[in-house]
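Undergrad: Input: one structure, supplied below.
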Protein chains: 2
Amino acid sequence: MKKPVILVDTMGGDHGPSEIIKGCVDTAPSSPLTEFVLLGPEDILTAELNKLGNPGNISIQHASDVITMHDQPTWAVRNKPDSTIVVGSKMVKEGLAQALVTPGNTGAVTAAGLLIIGRIKGISRPGIMIAFPARKHNVYMLDVGANADCKPDNLVDFAIMASTLLKAVNNIENPSVGILSIGEEKGKGNELIKEAYELLEKTNLNFYGNVEGADVPKGTTNIVVCDGFTGNVALKLAESLAKEVFMELKDIANKSLLTRLGGLLLKPELRKLKHKMDAEERGGALLLGVNGICIICHGSSSSKAISSAIKFAVSTVEADVVNKIRDELKGKSFINA
Amino acid sequence: MKKPVILVDTMGGDHGPSEIIKGCVDTAPSSPLTEFVLLGPEDILTAELNKLGNPGNISIQHASDVITMHDQPTWAVRNKPDSTIVVGSKMVKEGLAQALVTPGNTGAVTAAGLLIIGRIKGISRPGIMIAFPARKHNVYMLDVGANADCKPDNLVDFAIMASTLLKAVNNIENPSVGILSIGEEKGKGNELIKEAYELLEKTNLNFYGNVEGADVPKGTTNIVVCDGFTGNVALKLAESLAKEVFMELKDIANKSLLTRLGGLLLKPELRKLKHKMDAEERGGALLLGVNGICIICHGSSSSKAISSAIKFAVSTVEADVVNKIRDELKGKSFINA
């Protein structure tokens, strides 16, 4: 078997390439059978890698340009051939690498996924999946932003892809799938949801039925499918709310000597909770449905966040997720005869 | 001027009529110029009111039936003529009352609002508005559930109604209006949002442009308009997340002797924060766009929550919000020539 190759885009992060290279250098030793390739300006990467020390399985692929957060995604993919995202996507397309981890422009990664890497045959639209830290376990939610408008069959594809992934990577035998709606009963929701419900019922997926917004933090199902507009709005609201709560807690702890003492006593545990809820710690968002693994991290990712994302990439590549999705669709094992 | 009349539906709450009557009895003395009418089975209400003591401005209107949470809304409104919601809506329609406060079935209240009370002339669809407790001030968000599918002009109506209300009730001179989307720039979002953006730009409203999910807890604008599907999902996710965080905080405080002490020191302040974030304390959701004020409280509302909702009803009636919305639409003062 050929050594798997994982690309790490060092550009586009808020803290510059060194933070990302650190994340890769920290992680590479734990996956000695994987080759990691840093994408970016060769001179900077070489200097930085020499400084930190190459654990032996990291190499460099020169890419001189960068797609910024302000670039229009499709335009950028077409007009910045030397950008890390385009160079990396081409390597995935050509089979030179199996995964791309990037802190870059989400829209551009999605566009590159579609235009360069290409959709998995049989998948109507790729979707972006995240792990939401529910109370007892993660809830895998998609789409959270690749498709502002969805059709019912897109939601079925999201459900098939996420089910395949959870089976292959997380060893969940029969992951439950909820469809995000505004009432539990069948028939509640907008037109998209009502039609997608009918389609999902006919599959062999472990379809739970409708879930509501409240079910995401509760962890009612393993997977929650939704259109990319609703998913994105809900996710960003939740992330922002969690941040606001921790800011309020900080304010509270600064109110008096007594609350300061209370805050100090709780600090280690509060920090753990904050990390659990922090988007950065989740290992990034996964673009599912293209012929390769693309993991998109927050622009503000720390080396630790990059490290989680790389580990997640290693697991999905080791579990051969893309081929398994392909097989599911070929065999239509999730689709009832 | 005729004494304003506010109806209080005592049925449909999780804690039975006594909790709701208590909320009314507690609030009525602070609004001596308003008449409060309790809706429900006369014998029960009379006994309870005698027990608690009538402050003088509370009377009783018999209604023998109740629309439950499990009733199909439109069916229930058509087939339960003696239910509190139907009896109350008819009184509003006939001008015998100006507002209805109810802990009942949201769908049924919306259906009764449309079928019995009737839309304000010029309003395409009523919307349900809630006050989201952002860090510095409330953010008024609508629609959060009346319309699973919306058209662009519905969102313009929501913006006009909420702007009129905030001006009249909260004395905010020129409330800012954001449209909920998945990117800040014009052109980001689904088809609905893109079209609604074009329409909102042409009004004289203080239109801010797109806001993202993260802007709701931040309080970027006074008002956030969205379709009822997205609004409902996002709101329920946020409420549930806040609850989960407080459950986690409780777990943390029970971990050890030290964290228990820490929790005790922070308890009074944490309780305040919990109340601030608690949906129940917000005074209910307002159905805006019908010819009367309908305030819908959580089924689980405590007497305190009912009390806040009644106070909110008093303010909206005193500020003559329904007529002011009517005037705005007649004069089209928010619509550019």
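Identifiers in this document derive from the order of the structure tokens: chains are assigned A, B, ..., residues are numbered from 1 separately in each chain, and ligands are numbered from 1 in order of occurrence.
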Residues of chain B within 8 Å of chain A, counting only C-alpha atoms, what are they? List them as an MDAnalysis selection string.
TA: chainID B and resid 135 145 148:149 180:182 189:191 212:218 229:230 232:242 244 248:249 252:253 258:259 261:266 269:270 273
Undergrad: I want to know what sits within 10 Å of Phe36 (chain B), based on only C-alpha atoms, with residues of the same chain fewer than 6 positions away left out; could you give that as a list in words?
TA: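 Answer for this query is Pro4, Val5, Ile6, Leu7, Val8, Cys24, Val25, Thr27, Ala28, Gly56, Asn57, Ile58, Ser59, Ile60, Ala97, Ala99, Leu100 and Ile310 of chain B.
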Undergrad: Write the selection just made, keeping all heavy atoms, as a compact mmCIF listing (two decimals), in the first residue's frame?
TA:
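Generated file (selection.txt):
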# COMPACT_ATOMS: atom_id res chain seq x y z
N PRO B 4 -58.58 50.01 28.58
CA PRO B 4 -58.09 48.87 27.80
C PRO B 4 -58.36 47.54 28.53
O PRO B 4 -58.33 47.50 29.76
CB PRO B 4 -56.59 49.13 27.67
CG PRO B 4 -56.25 50.14 28.68
CD PRO B 4 -57.50 50.89 29.03
N VAL B 5 -58.62 46.51 27.74
CA VAL B 5 -58.93 45.20 28.30
C VAL B 5 -57.89 44.19 27.82
O VAL B 5 -57.62 44.07 26.62
CB VAL B 5 -60.34 44.73 27.87
CG1 VAL B 5 -60.60 43.30 28.36
CG2 VAL B 5 -61.40 45.69 28.40
N ILE B 6 -57.29 43.47 28.75
CA ILE B 6 -56.30 42.44 28.42
C ILE B 6 -56.81 41.09 28.89
O ILE B 6 -57.16 40.92 30.06
CB ILE B 6 -54.92 42.79 29.03
CG1 ILE B 6 -54.36 44.01 28.28
CG2 ILE B 6 -53.96 41.61 28.92
CD1 ILE B 6 -53.08 44.55 28.82
N LEU B 7 -56.88 40.15 27.96
CA LEU B 7 -57.36 38.81 28.27
C LEU B 7 -56.19 37.92 28.70
O LEU B 7 -55.12 37.98 28.09
CB LEU B 7 -58.01 38.18 27.03
CG LEU B 7 -59.09 39.04 26.34
CD1 LEU B 7 -59.54 38.37 25.04
CD2 LEU B 7 -60.28 39.24 27.28
N VAL B 8 -56.42 37.12 29.72
CA VAL B 8 -55.38 36.19 30.18
C VAL B 8 -55.95 34.77 30.13
O VAL B 8 -56.87 34.44 30.88
CB VAL B 8 -54.90 36.55 31.60
CG1 VAL B 8 -53.82 35.57 32.05
CG2 VAL B 8 -54.37 37.98 31.64
N CYS B 24 -51.41 36.98 37.08
CA CYS B 24 -52.30 38.11 36.80
C CYS B 24 -52.59 38.91 38.07
O CYS B 24 -52.53 40.14 38.06
CB CYS B 24 -53.59 37.58 36.16
SG CYS B 24 -54.67 38.90 35.57
N VAL B 25 -52.86 38.19 39.15
CA VAL B 25 -53.17 38.87 40.42
C VAL B 25 -51.96 39.70 40.88
O VAL B 25 -52.10 40.81 41.39
CB VAL B 25 -53.58 37.83 41.50
CG1 VAL B 25 -53.60 38.46 42.89
CG2 VAL B 25 -54.95 37.24 41.16
N THR B 27 -49.77 41.14 38.98
CA THR B 27 -49.47 42.25 38.07
C THR B 27 -50.56 43.31 38.05
O THR B 27 -50.28 44.50 37.84
CB THR B 27 -49.32 41.72 36.62
OG1 THR B 27 -48.68 40.46 36.66
CG2 THR B 27 -48.54 42.68 35.75
N ALA B 28 -51.82 42.89 38.20
CA ALA B 28 -52.95 43.80 38.00
C ALA B 28 -52.86 45.10 38.81
O ALA B 28 -53.15 46.18 38.26
CB ALA B 28 -54.26 43.06 38.29
N GLY B 56 -59.28 44.03 42.16
CA GLY B 56 -60.36 44.96 41.78
C GLY B 56 -60.54 45.11 40.29
O GLY B 56 -61.63 45.37 39.80
N ASN B 57 -59.46 44.91 39.54
CA ASN B 57 -59.57 45.08 38.09
C ASN B 57 -59.42 43.76 37.33
O ASN B 57 -58.91 43.72 36.22
CB ASN B 57 -58.56 46.12 37.58
CG ASN B 57 -57.13 45.82 38.02
OD1 ASN B 57 -56.91 45.03 38.94
ND2 ASN B 57 -56.17 46.46 37.36
N ILE B 58 -59.84 42.66 37.96
CA ILE B 58 -59.82 41.37 37.28
C ILE B 58 -61.23 40.81 37.23
O ILE B 58 -61.94 40.79 38.24
CB ILE B 58 -58.91 40.35 38.02
CG1 ILE B 58 -57.47 40.88 38.10
CG2 ILE B 58 -58.93 39.00 37.30
CD1 ILE B 58 -56.47 39.92 38.73
N SER B 59 -61.66 40.40 36.04
CA SER B 59 -62.96 39.73 35.93
C SER B 59 -62.77 38.39 35.23
O SER B 59 -61.64 38.03 34.86
CB SER B 59 -63.95 40.62 35.17
OG SER B 59 -63.42 40.97 33.92
N ILE B 60 -63.86 37.68 35.05
CA ILE B 60 -63.78 36.31 34.51
C ILE B 60 -64.67 36.17 33.29
O ILE B 60 -65.80 36.67 33.27
CB ILE B 60 -64.19 35.30 35.61
CG1 ILE B 60 -63.09 35.20 36.67
CG2 ILE B 60 -64.48 33.92 35.02
CD1 ILE B 60 -63.51 34.51 37.94
N ALA B 97 -61.67 43.45 23.60
CA ALA B 97 -60.37 43.40 24.27
C ALA B 97 -59.30 43.80 23.26
O ALA B 97 -59.50 43.70 22.05
CB ALA B 97 -60.10 42.00 24.81
N ALA B 99 -55.86 42.82 23.85
CA ALA B 99 -54.73 41.89 23.88
C ALA B 99 -55.12 40.55 24.50
O ALA B 99 -56.03 40.49 25.33
CB ALA B 99 -53.56 42.49 24.67
N LEU B 100 -54.42 39.51 24.05
CA LEU B 100 -54.61 38.16 24.59
C LEU B 100 -53.24 37.63 25.01
O LEU B 100 -52.32 37.58 24.19
CB LEU B 100 -55.22 37.25 23.52
CG LEU B 100 -55.25 35.74 23.78
CD1 LEU B 100 -56.14 35.41 24.99
CD2 LEU B 100 -55.73 34.98 22.55
N ILE B 310 -47.73 39.81 30.79
CA ILE B 310 -48.86 40.73 30.95
C ILE B 310 -48.36 42.18 30.92
O ILE B 310 -48.95 43.04 30.28
CB ILE B 310 -49.62 40.43 32.27
CG1 ILE B 310 -50.31 39.06 32.15
CG2 ILE B 310 -50.65 41.52 32.56
CD1 ILE B 310 -50.99 38.59 33.43
Undergrad: Could you superpose chain A on chain B by least squares over every Cα, matched in sequence order, and send it back as a short mmCIF file (atom, residue, chain, number, x, y, z; two decimals) with C-alpha atoms, in the first residue's frame?
TA:
data_model
loop_
_atom_site.label_atom_id
_atom_site.label_comp_id
_atom_site.auth_asym_id
_atom_site.auth_seq_id
_atom_site.Cartn_x
_atom_site.Cartn_y
_atom_site.Cartn_z
CA MET A 1 -60.96 56.88 26.44
CA LYS A 2 -62.27 53.39 27.09
CA LYS A 3 -60.42 51.31 29.64
CA PRO A 4 -58.09 48.87 27.82
CA VAL A 5 -58.90 45.19 28.31
CA ILE A 6 -56.28 42.44 28.43
CA LEU A 7 -57.33 38.81 28.28
CA VAL A 8 -55.37 36.19 30.19
CA ASP A 9 -55.80 32.59 29.05
CA THR A 10 -55.56 30.43 32.16
CA MET A 11 -55.57 27.11 30.27
CA GLY A 12 -52.89 25.25 28.35
CA GLY A 13 -50.06 25.95 30.79
CA ASP A 14 -48.08 23.06 32.26
CA HIS A 15 -48.71 24.18 35.85
CA GLY A 16 -52.48 24.60 35.58
CA PRO A 17 -54.64 27.74 35.89
CA SER A 18 -53.60 28.71 39.44
CA GLU A 19 -50.04 29.60 38.39
CA ILE A 20 -51.36 31.85 35.64
CA ILE A 21 -54.02 33.47 37.82
CA LYS A 22 -51.28 34.19 40.36
CA GLY A 23 -49.28 35.95 37.62
CA CYS A 24 -52.29 38.12 36.81
CA VAL A 25 -53.15 38.88 40.44
CA ASP A 26 -49.52 39.87 41.06
CA THR A 27 -49.47 42.26 38.08
CA ALA A 28 -52.94 43.81 38.02
CA PRO A 29 -52.36 46.32 40.87
CA SER A 30 -49.53 47.98 38.91
CA SER A 31 -51.92 48.73 36.02
CA PRO A 32 -55.06 50.03 37.77
CA LEU A 33 -56.40 51.63 34.60
CA THR A 34 -56.42 48.31 32.72
CA GLU A 35 -59.11 45.66 33.05
CA PHE A 36 -57.85 42.05 33.11
CA VAL A 37 -60.15 39.22 32.06
CA LEU A 38 -59.29 35.64 32.98
CA LEU A 39 -60.40 33.07 30.39
CA GLY A 40 -61.29 29.53 31.50
CA PRO A 41 -63.84 27.42 33.40
CA GLU A 42 -65.80 29.90 35.54
CA ASP A 43 -66.05 27.75 38.67
CA ILE A 44 -62.31 27.04 38.87
CA LEU A 45 -61.39 30.64 38.16
CA THR A 46 -63.85 32.07 40.68
CA ALA A 47 -62.60 29.77 43.44
CA GLU A 48 -58.96 30.53 42.66
CA LEU A 49 -59.49 34.27 42.37
CA ASN A 50 -61.37 34.34 45.67
CA LYS A 51 -58.51 32.47 47.29
CA LEU A 52 -55.82 34.84 45.98
CA GLY A 53 -57.91 37.99 46.31
CA ASN A 54 -59.09 40.16 43.43
CA PRO A 55 -57.22 43.46 43.34
CA GLY A 56 -60.38 44.95 41.79
CA ASN A 57 -59.56 45.08 38.09
CA ILE A 58 -59.80 41.37 37.30
CA SER A 59 -62.93 39.75 35.93
CA ILE A 60 -63.76 36.31 34.53
CA GLN A 61 -64.96 35.18 31.10
CA HIS A 62 -66.15 31.59 31.00
CA ALA A 63 -64.57 29.30 28.37
CA SER A 64 -65.10 25.60 28.97
CA ASP A 65 -62.71 24.03 26.47
CA VAL A 66 -58.96 24.05 25.89
CA ILE A 67 -56.74 23.63 22.82
CA THR A 68 -53.95 21.27 23.86
CA MET A 69 -50.34 21.20 22.65
CA HIS A 70 -51.23 18.07 20.65
CA ASP A 71 -54.19 19.55 18.77
CA GLN A 72 -53.68 20.33 15.10
CA PRO A 73 -53.85 24.15 15.10
CA THR A 74 -56.25 24.95 12.24
CA TRP A 75 -58.51 22.02 13.08
CA ALA A 76 -58.64 23.06 16.74
CA VAL A 77 -59.50 26.69 15.96
CA ARG A 78 -62.34 25.53 13.71
CA ASN A 79 -63.65 22.79 16.00
CA LYS A 80 -63.19 24.09 19.52
CA PRO A 81 -65.40 27.20 19.62
CA ASP A 82 -65.53 27.13 23.42
CA SER A 83 -61.77 26.98 23.88
CA THR A 84 -60.04 29.85 25.67
CA ILE A 85 -57.99 30.73 22.57
CA VAL A 86 -61.05 30.92 20.29
CA VAL A 87 -63.22 32.77 22.85
CA GLY A 88 -60.38 35.22 23.50
CA SER A 89 -59.61 35.78 19.82
CA LYS A 90 -63.28 36.52 19.14
CA MET A 91 -63.30 39.12 21.92
CA VAL A 92 -60.23 40.79 20.37
CA LYS A 93 -61.85 40.66 16.93
CA GLU A 94 -65.02 42.29 18.28
CA GLY A 95 -63.05 45.04 20.00
CA LEU A 96 -64.03 43.84 23.48
CA ALA A 97 -60.35 43.40 24.28
CA GLN A 98 -57.05 44.71 22.94
CA ALA A 99 -54.71 41.89 23.89
CA LEU A 100 -54.59 38.16 24.59
CA VAL A 101 -51.86 36.63 26.78
CA THR A 102 -51.72 32.85 26.52
CA PRO A 103 -49.43 29.96 27.47
CA GLY A 104 -51.17 27.90 24.78
CA ASN A 105 -50.31 26.13 21.53
CA THR A 106 -48.30 28.58 19.38
CA GLY A 107 -49.65 27.19 16.13
CA ALA A 108 -53.23 27.51 17.36
CA VAL A 109 -52.71 31.12 18.49
CA THR A 110 -51.23 31.92 15.07
CA ALA A 111 -54.14 30.18 13.32
CA ALA A 112 -56.68 32.00 15.50
CA GLY A 113 -54.86 35.26 14.80
CA LEU A 114 -55.23 34.68 11.07
CA LEU A 115 -58.67 33.05 10.96
CA ILE A 116 -60.47 34.99 13.72
CA ILE A 117 -58.69 38.25 14.55
CA GLY A 118 -57.51 38.82 10.98
CA ARG A 119 -54.43 40.37 9.44
CA ILE A 120 -53.68 44.08 9.55
CA LYS A 121 -54.51 45.42 6.10
CA GLY A 122 -51.33 45.58 4.04
CA ILE A 123 -49.44 42.95 6.06
CA SER A 124 -48.70 39.90 3.91
CA ARG A 125 -48.06 37.47 6.81
CA PRO A 126 -48.01 37.89 10.59
CA GLY A 127 -44.75 36.95 12.29
CA ILE A 128 -43.78 35.83 15.78
CA MET A 129 -41.25 38.10 17.46
CA ILE A 130 -39.10 37.37 20.50
CA ALA A 131 -36.61 39.40 22.50
CA PHE A 132 -33.22 37.70 22.43
CA PRO A 133 -31.07 38.69 25.44
CA ALA A 134 -27.90 39.92 23.73
CA ARG A 135 -24.98 41.15 25.82
CA LYS A 136 -25.83 44.86 25.95
CA HIS A 137 -29.50 45.01 24.96
CA ASN A 138 -32.29 42.82 23.60
CA VAL A 139 -32.32 41.86 19.94
CA TYR A 140 -35.85 41.57 18.56
CA MET A 141 -35.99 38.64 16.19
CA LEU A 142 -38.80 37.63 13.87
CA ASP A 143 -40.22 35.43 12.46
CA VAL A 144 -39.42 32.61 14.86
CA GLY A 145 -42.09 30.19 13.80
CA ALA A 146 -45.32 31.48 12.26
CA ASN A 147 -44.21 30.91 8.65
CA ALA A 148 -42.13 27.88 7.70
CA ASP A 149 -41.79 29.23 4.17
CA CYS A 150 -41.50 32.97 3.54
CA LYS A 151 -41.53 35.29 0.54
CA PRO A 152 -39.25 38.36 0.35
CA ASP A 153 -42.05 40.86 1.05
CA ASN A 154 -42.92 38.99 4.27
CA LEU A 155 -39.49 39.93 5.62
CA VAL A 156 -40.07 43.58 4.74
CA ASP A 157 -43.37 43.50 6.65
CA PHE A 158 -41.61 41.93 9.65
CA ALA A 159 -39.07 44.75 9.58
CA ILE A 160 -41.73 47.48 9.37
CA MET A 161 -43.77 45.98 12.22
CA ALA A 162 -40.80 45.49 14.55
CA SER A 163 -39.45 48.98 13.81
CA THR A 164 -42.83 50.51 14.62
CA LEU A 165 -43.05 48.53 17.84
CA LEU A 166 -39.55 49.43 19.07
CA LYS A 167 -40.19 53.09 18.34
CA ALA A 168 -43.56 53.07 20.11
CA VAL A 169 -42.86 50.79 23.07
CA ASN A 170 -39.11 50.95 23.66
CA ASN A 171 -38.55 54.57 22.57
CA ILE A 172 -35.79 53.56 20.16
CA GLU A 173 -35.86 56.40 17.64
CA ASN A 174 -34.44 54.69 14.60
CA PRO A 175 -34.07 50.96 15.30
CA SER A 176 -31.54 49.17 13.11
CA VAL A 177 -32.71 46.19 11.07
CA GLY A 178 -30.47 43.29 10.04
CA ILE A 179 -31.42 40.46 7.74
CA LEU A 180 -30.19 37.06 8.91
CA SER A 181 -27.80 35.53 6.39
CA ILE A 182 -24.61 33.51 5.99
CA GLY A 183 -22.24 36.32 5.15
CA GLU A 184 -22.04 40.05 5.76
CA GLU A 185 -21.78 41.26 2.19
CA LYS A 186 -24.77 41.97 0.00
CA GLY A 187 -25.28 39.01 -2.31
CA LYS A 188 -24.52 36.41 0.39
CA GLY A 189 -27.39 34.16 1.39
CA ASN A 190 -30.11 32.09 -0.17
CA GLU A 191 -32.51 33.30 -2.86
CA LEU A 192 -35.05 34.55 -0.29
CA ILE A 193 -32.47 36.70 1.50
CA LYS A 194 -30.98 38.15 -1.67
CA GLU A 195 -34.40 39.29 -2.87
CA ALA A 196 -35.50 40.58 0.53
CA TYR A 197 -32.23 42.54 0.77
CA GLU A 198 -33.09 44.39 -2.45
CA LEU A 199 -36.54 45.25 -1.10
CA LEU A 200 -35.30 46.36 2.33
CA GLU A 201 -32.70 48.64 0.75
CA LYS A 202 -35.51 50.57 -0.93
CA THR A 203 -37.36 51.29 2.32
CA ASN A 204 -36.73 54.18 4.71
CA LEU A 205 -36.02 51.72 7.49
CA ASN A 206 -32.66 51.93 9.25
CA PHE A 207 -31.46 48.92 7.24
CA TYR A 208 -28.07 47.64 8.36
CA GLY A 209 -27.71 44.89 5.76
CA ASN A 210 -26.92 41.23 6.36
CA VAL A 211 -26.14 39.95 9.82
CA GLU A 212 -24.86 36.46 10.62
CA GLY A 213 -25.93 34.02 13.31
CA ALA A 214 -23.09 35.32 15.48
CA ASP A 215 -24.53 38.85 15.43
CA VAL A 216 -27.66 37.87 17.34
CA PRO A 217 -25.96 37.25 20.73
CA LYS A 218 -23.59 40.15 20.00
CA GLY A 219 -26.51 42.52 19.50
CA THR A 220 -25.25 44.06 16.26
CA THR A 221 -28.72 45.37 15.35
CA ASN A 222 -31.93 46.08 17.28
CA ILE A 223 -34.00 43.91 14.96
CA VAL A 224 -33.17 40.74 13.05
CA VAL A 225 -35.60 39.53 10.39
CA CYS A 226 -35.61 35.99 9.03
CA ASP A 227 -37.96 33.31 7.76
CA GLY A 228 -39.86 31.42 10.45
CA PHE A 229 -38.02 28.15 9.79
CA THR A 230 -34.51 29.50 10.26
CA GLY A 231 -35.59 31.70 13.17
CA ASN A 232 -37.27 28.85 14.98
CA VAL A 233 -34.38 26.43 14.54
CA ALA A 234 -31.78 29.00 15.60
CA LEU A 235 -33.78 30.17 18.62
CA LYS A 236 -34.49 26.66 19.91
CA LEU A 237 -30.85 25.68 19.43
CA ALA A 238 -29.72 28.76 21.36
CA GLU A 239 -32.20 28.19 24.22
CA SER A 240 -31.20 24.55 24.48
CA LEU A 241 -27.50 25.39 24.38
CA ALA A 242 -27.90 27.91 27.21
CA LYS A 243 -29.69 25.26 29.28
CA GLU A 244 -26.96 22.71 28.59
CA VAL A 245 -24.28 25.18 29.64
CA PHE A 246 -26.02 25.76 32.99
CA MET A 247 -26.36 22.01 33.48
CA GLU A 248 -22.62 21.67 32.80
CA LEU A 249 -21.94 24.47 35.31
CA LYS A 250 -24.00 22.59 37.89
CA ASP A 251 -22.04 19.41 37.20
CA ILE A 252 -18.80 21.35 37.56
CA ALA A 253 -19.86 22.83 40.88
CA ASN A 254 -20.59 19.32 42.16
CA LYS A 255 -17.17 17.92 41.26
CA SER A 256 -15.30 18.49 44.51
CA LEU A 257 -15.43 20.37 47.80
CA LEU A 258 -13.46 23.24 46.27
CA THR A 259 -15.66 23.58 43.20
CA ARG A 260 -18.71 23.36 45.46
CA LEU A 261 -17.40 26.32 47.43
CA GLY A 262 -16.65 28.15 44.15
CA GLY A 263 -20.17 27.45 42.94
CA LEU A 264 -21.66 28.76 46.19
CA LEU A 265 -19.70 32.01 45.93
CA LEU A 266 -20.87 32.57 42.37
CA LYS A 267 -24.43 31.32 42.87
CA PRO A 268 -26.27 34.65 43.23
CA GLU A 269 -24.63 36.09 40.12
CA LEU A 270 -25.02 32.86 38.13
CA ARG A 271 -28.69 32.85 38.99
CA LYS A 272 -29.05 36.38 37.60
CA LEU A 273 -27.30 35.32 34.39
CA LYS A 274 -29.51 32.27 34.11
CA HIS A 275 -32.61 34.42 34.46
CA LYS A 276 -31.32 36.86 31.86
CA MET A 277 -30.82 34.04 29.39
CA ASP A 278 -33.97 32.19 30.30
CA ALA A 279 -36.66 32.23 27.65
CA GLU A 280 -39.30 32.26 30.38
CA GLU A 281 -38.25 35.61 31.73
CA ARG A 282 -38.61 37.39 28.44
CA GLY A 283 -42.28 38.18 28.58
CA GLY A 284 -43.33 35.82 25.84
CA ALA A 285 -43.39 35.89 22.08
CA LEU A 286 -45.50 38.45 20.25
CA LEU A 287 -47.64 37.59 17.24
CA LEU A 288 -47.30 40.76 15.15
CA GLY A 289 -49.46 41.58 12.16
CA VAL A 290 -52.96 40.78 13.33
CA ASN A 291 -55.57 43.27 14.49
CA GLY A 292 -54.74 42.87 18.14
CA ILE A 293 -51.92 41.95 20.49
CA CYS A 294 -51.31 38.23 21.03
CA ILE A 295 -48.56 37.25 23.44
CA ILE A 296 -47.61 33.60 23.56
CA CYS A 297 -45.78 32.33 26.64
CA HIS A 298 -43.99 29.02 27.12
CA GLY A 299 -46.29 26.24 28.33
CA SER A 300 -43.96 25.89 31.31
CA SER A 301 -44.33 29.55 32.31
CA SER A 302 -44.17 30.39 36.00
CA SER A 303 -46.40 33.08 37.49
CA LYS A 304 -43.41 35.41 37.13
CA ALA A 305 -43.11 34.70 33.41
CA ILE A 306 -46.85 35.30 33.00
CA SER A 307 -46.46 38.52 34.92
CA SER A 308 -43.72 39.74 32.52
CA ALA A 309 -45.88 38.81 29.55
CA ILE A 310 -48.85 40.74 30.96
CA LYS A 311 -46.66 43.79 31.57
CA PHE A 312 -45.43 43.58 27.99
CA ALA A 313 -49.05 43.37 26.80
CA VAL A 314 -49.91 46.47 28.84
CA SER A 315 -47.02 48.43 27.23
CA THR A 316 -47.94 47.44 23.69
CA VAL A 317 -51.61 48.29 24.27
CA GLU A 318 -50.73 51.62 25.92
CA ALA A 319 -48.40 52.44 23.02
CA ASP A 320 -51.23 51.63 20.59
CA VAL A 321 -48.89 49.46 18.51
CA VAL A 322 -51.52 47.91 16.24
CA ASN A 323 -52.86 51.29 15.15
CA LYS A 324 -49.35 52.63 14.69
CA ILE A 325 -48.48 49.73 12.38
CA ARG A 326 -51.72 50.41 10.49
CA ASP A 327 -50.72 54.08 10.15
CA GLU A 328 -47.23 53.21 8.94
CA LEU A 329 -48.70 51.02 6.24
CA LYS A 330 -51.33 53.58 5.24
CA GLY A 331 -48.82 56.40 5.09
CA LYS A 332 -46.18 53.98 3.78
CA SER A 333 -43.75 56.11 5.74
CA PHE A 334 -41.18 53.31 5.69
CA ILE A 335 -41.50 52.78 1.96
CA ASN A 336 -39.52 55.08 -0.30
CA ALA A 337 -41.49 56.90 -2.96
#
